[in-house]
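Below is one structure; the comments refer to it alone.
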Amino acid sequence: MTSTENAAPPANGKPKPPSPEAALGKLLKAGVDGSLAYLRKIDPDAAADVDTERRRDVQRPRIVVVGETKRGKSSLTNMLMGVPNLSPVDAAVATASYLEFTHNAQHGARAYVPGREDPIPINLTDLRDWGTVLGRLPDGMRPPRRIEVHHSAPLLQYLTLTDTPGTGGLDSMHVEVAMDAVERATALLFVVDASSPFSKPEMNFLIEASKKVNFVLFALTKVDAYPGWRTILADNKGQLQTHAPRFGSAPWFPVSARLAELAMTLPKEAAGELIRESRIAELQHALIDLAKKGHLLQQANVLRSVRSEYIRIDQEYGDRMKATDPDPKDAERAKEERAQVATRKRTEARQWSLALSTETQRARVEATTRLRSYMTQLQEQFMEKIDKGGRSDISELPAEVDKALYALSVRLSHDLEFRFRKVGERVLAQVFHPNELQHVLRQLNAKLRHALGTKPRRDSGGGDGAMVVMSSAGMAMMAGRGAMAGAGAIGLAGVAGAGLVIPVIGIGLGLAAGAYMIFKRKSMTDKVATRAWLREVLGEARAALADEIMHRFTDLQYALTLALDEAIERRLKQLDAHIANIDKSLTEDKAERGKRKAALNTEREGLRARIKQVDEVLVRVRALAPNAPADAADAPAEA
């Protein structure tokens, strides 16, 4: 509830009008609700994907810093946090990592390495080794995909800041890694420097990234080194007006990270002027102001995603209208593709089934082996506690075992999520060619959501004599497209908006009432009985979890089999429909084709009316953007 709702009415009895921000929030909610409702009617699968994004929790907004290499992103990131050299500078960032800075009183970092479920703790002094190609990793270690850095910098109390690899150069992996970070962004801080105007790769990246992220702020770095920065700023604004007009009014912040860093080496009384000239504080305040509106920014991002889906569907209408004036060569190409898909289904179905079975079995063995290791560690830990502990220590054992089992179940839930995705990705790589993925991924995700999401939960309430109880209630987890690990390895990252989404219901495990009763009756003062109790509890927990893992992978194999089969059938039907439309158009007279084209045009015009409504809301929402400094806002945009 807002402060205006709690406030007493004014003396004249008239209600106080809502604040502009509250009014925008109401407008955004109505826009998202209405647009999603319409999308559900015309493409339910696309709406389900956007719904997943809508439900994403935004506790602390995530500002992602993007831009070309050597534009000063890392130096700017450091000065925004007020910590020189925290993000490694003057070095090419490794193609497989970006740095994510979050607030924590305890300083440290965790590296997320492909192929490993658990992050690797590292020191802040190790960031150059782990995050740049100039560093040295332990022998056999793959470069991390993401490094999470914990720091107490004041700015991080309000937001999470992500420093990404440069998007230019010859290595396209930079773009893929940066786009992976953009998937999780609340807003973008796009960095260019004052040496030259936008490059073509920069503009292309901005246009692609902004399909999912509505708010973009621009930082113009190195203004201390280039006195003519206002000319470059005007040129950049002109390019935006031409190639990305929605950013024509976006705020620009001229800054100098070098001056800010130099000021930190001077006495406080001498540093003031340099701090003002660096203009870093203006950008800091703008980011904090934006972060306070995190929920509204997320709603705007959802609406932007809906608009992107609308644009895609509009293009599909165009293709269908084009089919009313057919080219016989299009029919031949479609028939050839259909024959290839049907042949592969007929000749390779057995191979796909074996591949799925093999991958599922391998992942299940890996998960069971990991479970055995977990349980062995737990048993050793608690046996040592029993041997060394006194009576008071032993009396607390059930509560500690219960907490340990729950922690173990959370860890296994994450393990299953990771392994489920890996099974799906490996099978997809064997079943579909890259050019087919864009046609099947959304249908595949929808089928998996239905097959796994509607599966009855296998909760074990535990009878009076049960030692452990298992439940999945309250442990629902969903792997989002942005969280997908390893997609680039099988070519999914090249498909716009692609990603395998597999729902995973988490495991909840704890002690049953019977375990407490048995412990109280037999084990309070007898270490031998306590050890026997512990072995029985952990043995039953291990058996229950092993059984659960087996059933989970059986469910996954069944769901993936259905989903793959249906995806292939759906693709065949799409091709059949496309061929039928072309054949029908070839046999229809001009009047009939015109009538069908008019009907499609009517539907398309209805969609375009919706796009216009969304655009009107998004234009109004621009008022949430912070104001640019006066001299940057007044810089004229070239025609």
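Convention: chains lettered A, B, ... in structure tokens order; per-chain residue numbering from 1; ligands numbered from 1 as shown.
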
Problem - Shell around stretch 246-256 of chain A at 9 Å using only C-alpha atoms, local window under 6 positions removed, as a ChimeraX atom specification - result: /A:76,193-194,215-225,229-230,233,237-240,277-280,282-283,619,622,625-629,632-633,637

Hey, could you make a per-residue contact list for stretch 524-591 of chain A against stretch 397-421 of chain A with 12 Å as the cut-off, showing the nearest pair of atoms and its distance in Å to one decimal, counting only C-alpha atoms, sorted by chain and number, as a Markdown table?
```
| residue | atom | partner | partner_atom | distance |
| --- | --- | --- | --- | --- |
| A:Met524 | CA | A:Leu397 | CA | 9.6 |
| A:Lys527 | CA | A:Leu397 | CA | 11.5 |
| A:Thr530 | CA | A:Leu397 | CA | 9.1 |
| A:Arg531 | CA | A:Leu397 | CA | 10.8 |
| A:Trp533 | CA | A:Pro398 | CA | 9.9 |
| A:Leu534 | CA | A:Val401 | CA | 8.5 |
| A:Arg535 | CA | A:Val401 | CA | 11.4 |
| A:Val537 | CA | A:Val401 | CA | 8.9 |
| A:Leu538 | CA | A:Leu405 | CA | 8.8 |
| A:Gly539 | CA | A:Leu405 | CA | 11.9 |
| A:Glu540 | CA | A:Leu405 | CA | 11.5 |
| A:Ala541 | CA | A:Leu405 | CA | 8.1 |
| A:Arg542 | CA | A:Leu405 | CA | 10.0 |
| A:Ala544 | CA | A:Ser409 | CA | 11.2 |
| A:Leu545 | CA | A:Ser409 | CA | 8.5 |
| A:Ala546 | CA | A:Leu412 | CA | 10.8 |
| A:Glu548 | CA | A:Leu412 | CA | 10.7 |
| A:Ile549 | CA | A:Leu416 | CA | 8.2 |
| A:Met550 | CA | A:Leu416 | CA | 11.1 |
| A:His551 | CA | A:Leu416 | CA | 11.8 |
| A:Arg552 | CA | A:Leu416 | CA | 8.6 |
| A:Phe553 | CA | A:Phe420 | CA | 8.0 |
| A:Thr554 | CA | A:Phe420 | CA | 11.2 |
| A:Asp555 | CA | A:Phe420 | CA | 10.7 |
| A:Leu556 | CA | A:Phe420 | CA | 7.5 |
| A:Gln557 | CA | A:Phe420 | CA | 9.6 |
| A:Ala559 | CA | A:Phe420 | CA | 11.3 |
| A:Leu560 | CA | A:Phe420 | CA | 10.2 |
```

Only N, CA and C atoms, please: the residues just picked out, written as a PDB file, in the first residue's frame.
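Output below, filename out.pdb:
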```pdb
ATOM      1  N   MET A 524      19.044 -40.735  24.019  1.00  0.00           N
ATOM      2  CA  MET A 524      19.478 -39.513  24.683  1.00  0.00           C
ATOM      3  C   MET A 524      20.825 -39.663  25.406  1.00  0.00           C
ATOM      4  N   LYS A 527      25.538 -43.342  23.331  1.00  0.00           N
ATOM      5  CA  LYS A 527      26.169 -43.008  22.061  1.00  0.00           C
ATOM      6  C   LYS A 527      26.054 -44.140  21.052  1.00  0.00           C
ATOM      7  N   THR A 530      22.694 -43.875  19.684  1.00  0.00           N
ATOM      8  CA  THR A 530      22.623 -42.669  18.844  1.00  0.00           C
ATOM      9  C   THR A 530      23.234 -42.932  17.469  1.00  0.00           C
ATOM     10  N   ARG A 531      24.376 -43.633  17.435  1.00  0.00           N
ATOM     11  CA  ARG A 531      24.993 -43.966  16.140  1.00  0.00           C
ATOM     12  C   ARG A 531      24.058 -44.859  15.322  1.00  0.00           C
ATOM     13  N   TRP A 533      20.829 -44.995  15.515  1.00  0.00           N
ATOM     14  CA  TRP A 533      19.714 -44.129  15.069  1.00  0.00           C
ATOM     15  C   TRP A 533      20.127 -43.318  13.840  1.00  0.00           C
ATOM     16  N   LEU A 534      21.327 -42.736  13.886  1.00  0.00           N
ATOM     17  CA  LEU A 534      21.802 -41.912  12.780  1.00  0.00           C
ATOM     18  C   LEU A 534      21.935 -42.742  11.506  1.00  0.00           C
ATOM     19  N   ARG A 535      22.543 -43.946  11.638  1.00  0.00           N
ATOM     20  CA  ARG A 535      22.701 -44.789  10.453  1.00  0.00           C
ATOM     21  C   ARG A 535      21.344 -45.159   9.861  1.00  0.00           C
ATOM     22  N   VAL A 537      18.496 -43.440  10.110  1.00  0.00           N
ATOM     23  CA  VAL A 537      17.903 -42.238   9.495  1.00  0.00           C
ATOM     24  C   VAL A 537      18.540 -41.960   8.132  1.00  0.00           C
ATOM     25  N   LEU A 538      19.863 -41.937   8.100  1.00  0.00           N
ATOM     26  CA  LEU A 538      20.546 -41.611   6.845  1.00  0.00           C
ATOM     27  C   LEU A 538      20.351 -42.713   5.811  1.00  0.00           C
ATOM     28  N   GLY A 539      20.280 -43.969   6.255  1.00  0.00           N
ATOM     29  CA  GLY A 539      20.022 -45.052   5.312  1.00  0.00           C
ATOM     30  C   GLY A 539      18.656 -44.926   4.673  1.00  0.00           C
ATOM     31  N   GLU A 540      17.643 -44.592   5.501  1.00  0.00           N
ATOM     32  CA  GLU A 540      16.301 -44.419   4.942  1.00  0.00           C
ATOM     33  C   GLU A 540      16.236 -43.190   4.037  1.00  0.00           C
ATOM     34  N   ALA A 541      16.933 -42.118   4.426  1.00  0.00           N
ATOM     35  CA  ALA A 541      16.945 -40.905   3.598  1.00  0.00           C
ATOM     36  C   ALA A 541      17.600 -41.180   2.251  1.00  0.00           C
ATOM     37  N   ARG A 542      18.707 -41.898   2.292  1.00  0.00           N
ATOM     38  CA  ARG A 542      19.406 -42.212   1.037  1.00  0.00           C
ATOM     39  C   ARG A 542      18.529 -43.074   0.129  1.00  0.00           C
ATOM     40  N   ALA A 544      15.247 -43.229   0.111  1.00  0.00           N
ATOM     41  CA  ALA A 544      14.125 -42.421  -0.377  1.00  0.00           C
ATOM     42  C   ALA A 544      14.573 -41.496  -1.506  1.00  0.00           C
ATOM     43  N   LEU A 545      15.745 -40.880  -1.349  1.00  0.00           N
ATOM     44  CA  LEU A 545      16.236 -39.968  -2.379  1.00  0.00           C
ATOM     45  C   LEU A 545      16.635 -40.720  -3.646  1.00  0.00           C
ATOM     46  N   ALA A 546      17.262 -41.871  -3.492  1.00  0.00           N
ATOM     47  CA  ALA A 546      17.627 -42.669  -4.672  1.00  0.00           C
ATOM     48  C   ALA A 546      16.376 -43.083  -5.443  1.00  0.00           C
ATOM     49  N   GLU A 548      13.541 -41.456  -5.412  1.00  0.00           N
ATOM     50  CA  GLU A 548      12.995 -40.233  -6.011  1.00  0.00           C
ATOM     51  C   GLU A 548      13.761 -39.870  -7.280  1.00  0.00           C
ATOM     52  N   ILE A 549      15.077 -39.959  -7.230  1.00  0.00           N
ATOM     53  CA  ILE A 549      15.893 -39.655  -8.406  1.00  0.00           C
ATOM     54  C   ILE A 549      15.523 -40.581  -9.569  1.00  0.00           C
ATOM     55  N   MET A 550      15.355 -41.876  -9.291  1.00  0.00           N
ATOM     56  CA  MET A 550      14.990 -42.819 -10.343  1.00  0.00           C
ATOM     57  C   MET A 550      13.663 -42.422 -10.991  1.00  0.00           C
ATOM     58  N   HIS A 551      12.673 -42.091 -10.153  1.00  0.00           N
ATOM     59  CA  HIS A 551      11.371 -41.717 -10.700  1.00  0.00           C
ATOM     60  C   HIS A 551      11.446 -40.398 -11.471  1.00  0.00           C
ATOM     61  N   ARG A 552      12.245 -39.460 -10.960  1.00  0.00           N
ATOM     62  CA  ARG A 552      12.354 -38.172 -11.663  1.00  0.00           C
ATOM     63  C   ARG A 552      12.903 -38.358 -13.074  1.00  0.00           C
ATOM     64  N   PHE A 553      13.936 -39.165 -13.213  1.00  0.00           N
ATOM     65  CA  PHE A 553      14.526 -39.361 -14.536  1.00  0.00           C
ATOM     66  C   PHE A 553      13.617 -40.196 -15.439  1.00  0.00           C
ATOM     67  N   THR A 554      12.864 -41.108 -14.857  1.00  0.00           N
ATOM     68  CA  THR A 554      11.879 -41.842 -15.655  1.00  0.00           C
ATOM     69  C   THR A 554      10.821 -40.889 -16.191  1.00  0.00           C
ATOM     70  N   ASP A 555      10.350 -39.981 -15.329  1.00  0.00           N
ATOM     71  CA  ASP A 555       9.375 -38.977 -15.750  1.00  0.00           C
ATOM     72  C   ASP A 555       9.943 -38.082 -16.848  1.00  0.00           C
ATOM     73  N   LEU A 556      11.215 -37.664 -16.672  1.00  0.00           N
ATOM     74  CA  LEU A 556      11.845 -36.800 -17.665  1.00  0.00           C
ATOM     75  C   LEU A 556      11.948 -37.507 -19.011  1.00  0.00           C
ATOM     76  N   GLN A 557      12.388 -38.768 -19.005  1.00  0.00           N
ATOM     77  CA  GLN A 557      12.532 -39.503 -20.263  1.00  0.00           C
ATOM     78  C   GLN A 557      11.185 -39.619 -20.971  1.00  0.00           C
ATOM     79  N   ALA A 559       8.527 -37.622 -20.589  1.00  0.00           N
ATOM     80  CA  ALA A 559       8.080 -36.307 -21.043  1.00  0.00           C
ATOM     81  C   ALA A 559       8.848 -35.851 -22.276  1.00  0.00           C
ATOM     82  N   LEU A 560      10.169 -36.076 -22.289  1.00  0.00           N
ATOM     83  CA  LEU A 560      10.962 -35.668 -23.450  1.00  0.00           C
ATOM     84  C   LEU A 560      10.592 -36.489 -24.687  1.00  0.00           C
TER      85      LEU A 560
END
```

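Distance check against A:Lys200 using only C-alpha atoms: of A:Leu371, A:Gly389, A:His243, A:Pro44, the minimum falls on A:His243.
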
Practice task
Considering only C-alpha atoms, state which residue in the set A:Gln284, A:Ser196, A:Asn236, A:Gln377 is at the smallest distance from A:Leu80.
Solution key: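 Under the stated criterion, the closest residue is A:Gln284.
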
Exercise for the section: Identify all residues of stretch 13-244 of chain A in alpha helix (DSSP H) (DSSP on the backbone) and supply them as an MDAnalysis selection string. Expected result: chainID A and resid 20:42 44:54 73:81 127:131 173:182 200:209 229:243

Problem - Residues within 10 Å of A:Thr102, only C-alpha atoms, excluding chain neighbours under 6 positions, as a list in words - result: Arg60, Arg62, Ala109, Glu148, Val149, His150, His151, Ser152, Ala153, Leu155, Leu156, Gln157, Tyr158, Leu159, Thr160, Leu161 and Thr162 of chain A

Handout entry: Option closest in space to A:Ala244, from A:Asp43, A:Arg258, A:Leu206, A:Gly272 [counting only C-alpha atoms]
Key =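 Ranking A:Asp43, A:Arg258, A:Leu206, A:Gly272 by distance to A:Ala244, first place goes to A:Leu206.
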
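Coordinates place atom CA of A:Arg362 at a distance of 24.9 Å from atom CA of A:Ile568.
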
Practice task
Would you list the contacts of A:Ala30 as a list of chain:residue names, taking every protein, DNA or RNA residue within 12 Å and counting only C-alpha atoms, but skipping same-chain residues closer than 2 positions in sequence?
Solution key: A:Ala23, A:Leu24, A:Gly25, A:Lys26, A:Leu27, A:Leu28, A:Val32, A:Asp33, A:Gly34, A:Ser35, A:Leu36, A:Ala37, A:Gln299, A:Ala300, A:Leu303, A:Gln613, A:Val614, A:Val617

Export of prior selection with N, CA and C atoms as an mmCIF file, in the first residue's frame:
```cif
data_model
loop_
_atom_site.group_PDB
_atom_site.id
_atom_site.type_symbol
_atom_site.label_atom_id
_atom_site.label_comp_id
_atom_site.auth_asym_id
_atom_site.auth_seq_id
_atom_site.Cartn_x
_atom_site.Cartn_y
_atom_site.Cartn_z
ATOM 1 N N ALA A 23 0.427 6.388 -11.059
ATOM 2 C CA ALA A 23 -0.413 6.365 -12.257
ATOM 3 C C ALA A 23 0.245 5.546 -13.363
ATOM 4 N N LEU A 24 1.575 5.695 -13.499
ATOM 5 C CA LEU A 24 2.291 4.908 -14.505
ATOM 6 C C LEU A 24 2.253 3.423 -14.161
ATOM 7 N N GLY A 25 2.361 3.115 -12.864
ATOM 8 C CA GLY A 25 2.278 1.720 -12.450
ATOM 9 C C GLY A 25 0.935 1.106 -12.808
ATOM 10 N N LYS A 26 -0.125 1.856 -12.595
ATOM 11 C CA LYS A 26 -1.466 1.370 -12.939
ATOM 12 C C LYS A 26 -1.599 1.185 -14.444
ATOM 13 N N LEU A 27 -1.064 2.138 -15.205
ATOM 14 C CA LEU A 27 -1.106 2.046 -16.670
ATOM 15 C C LEU A 27 -0.323 0.836 -17.166
ATOM 16 N N LEU A 28 0.857 0.608 -16.568
ATOM 17 C CA LEU A 28 1.687 -0.532 -16.963
ATOM 18 C C LEU A 28 0.990 -1.853 -16.682
ATOM 19 N N VAL A 32 0.132 -4.617 -19.462
ATOM 20 C CA VAL A 32 0.671 -5.980 -19.438
ATOM 21 C C VAL A 32 -0.459 -6.998 -19.412
ATOM 22 N N ASP A 33 -1.456 -6.781 -18.551
ATOM 23 C CA ASP A 33 -2.572 -7.729 -18.441
ATOM 24 C C ASP A 33 -3.313 -7.872 -19.770
ATOM 25 N N GLY A 34 -3.652 -6.734 -20.383
ATOM 26 C CA GLY A 34 -4.396 -6.777 -21.640
ATOM 27 C C GLY A 34 -3.595 -7.369 -22.783
ATOM 28 N N SER A 35 -2.309 -7.010 -22.858
ATOM 29 C CA SER A 35 -1.475 -7.496 -23.960
ATOM 30 C C SER A 35 -1.209 -8.986 -23.844
ATOM 31 N N LEU A 36 -0.976 -9.458 -22.622
ATOM 32 C CA LEU A 36 -0.754 -10.886 -22.426
ATOM 33 C C LEU A 36 -2.023 -11.690 -22.712
ATOM 34 N N ALA A 37 -3.177 -11.141 -22.332
ATOM 35 C CA ALA A 37 -4.449 -11.831 -22.603
ATOM 36 C C ALA A 37 -4.648 -12.013 -24.104
ATOM 37 N N GLN A 299 8.016 -4.625 -15.200
ATOM 38 C CA GLN A 299 6.742 -4.637 -15.924
ATOM 39 C C GLN A 299 6.920 -4.085 -17.341
ATOM 40 N N ALA A 300 7.726 -3.024 -17.447
ATOM 41 C CA ALA A 300 7.988 -2.454 -18.771
ATOM 42 C C ALA A 300 8.743 -3.442 -19.650
ATOM 43 N N LEU A 303 6.294 -5.949 -20.959
ATOM 44 C CA LEU A 303 5.516 -5.365 -22.062
ATOM 45 C C LEU A 303 6.364 -5.271 -23.326
ATOM 46 N N GLN A 613 -1.212 0.264 -29.308
ATOM 47 C CA GLN A 613 -1.584 0.493 -27.909
ATOM 48 C C GLN A 613 -0.391 0.260 -26.985
ATOM 49 N N VAL A 614 0.364 -0.828 -27.246
ATOM 50 C CA VAL A 614 1.547 -1.111 -26.429
ATOM 51 C C VAL A 614 2.557 0.026 -26.556
ATOM 52 N N VAL A 617 1.723 2.996 -24.419
ATOM 53 C CA VAL A 617 2.067 2.806 -23.011
ATOM 54 C C VAL A 617 3.573 2.948 -22.810
#
```
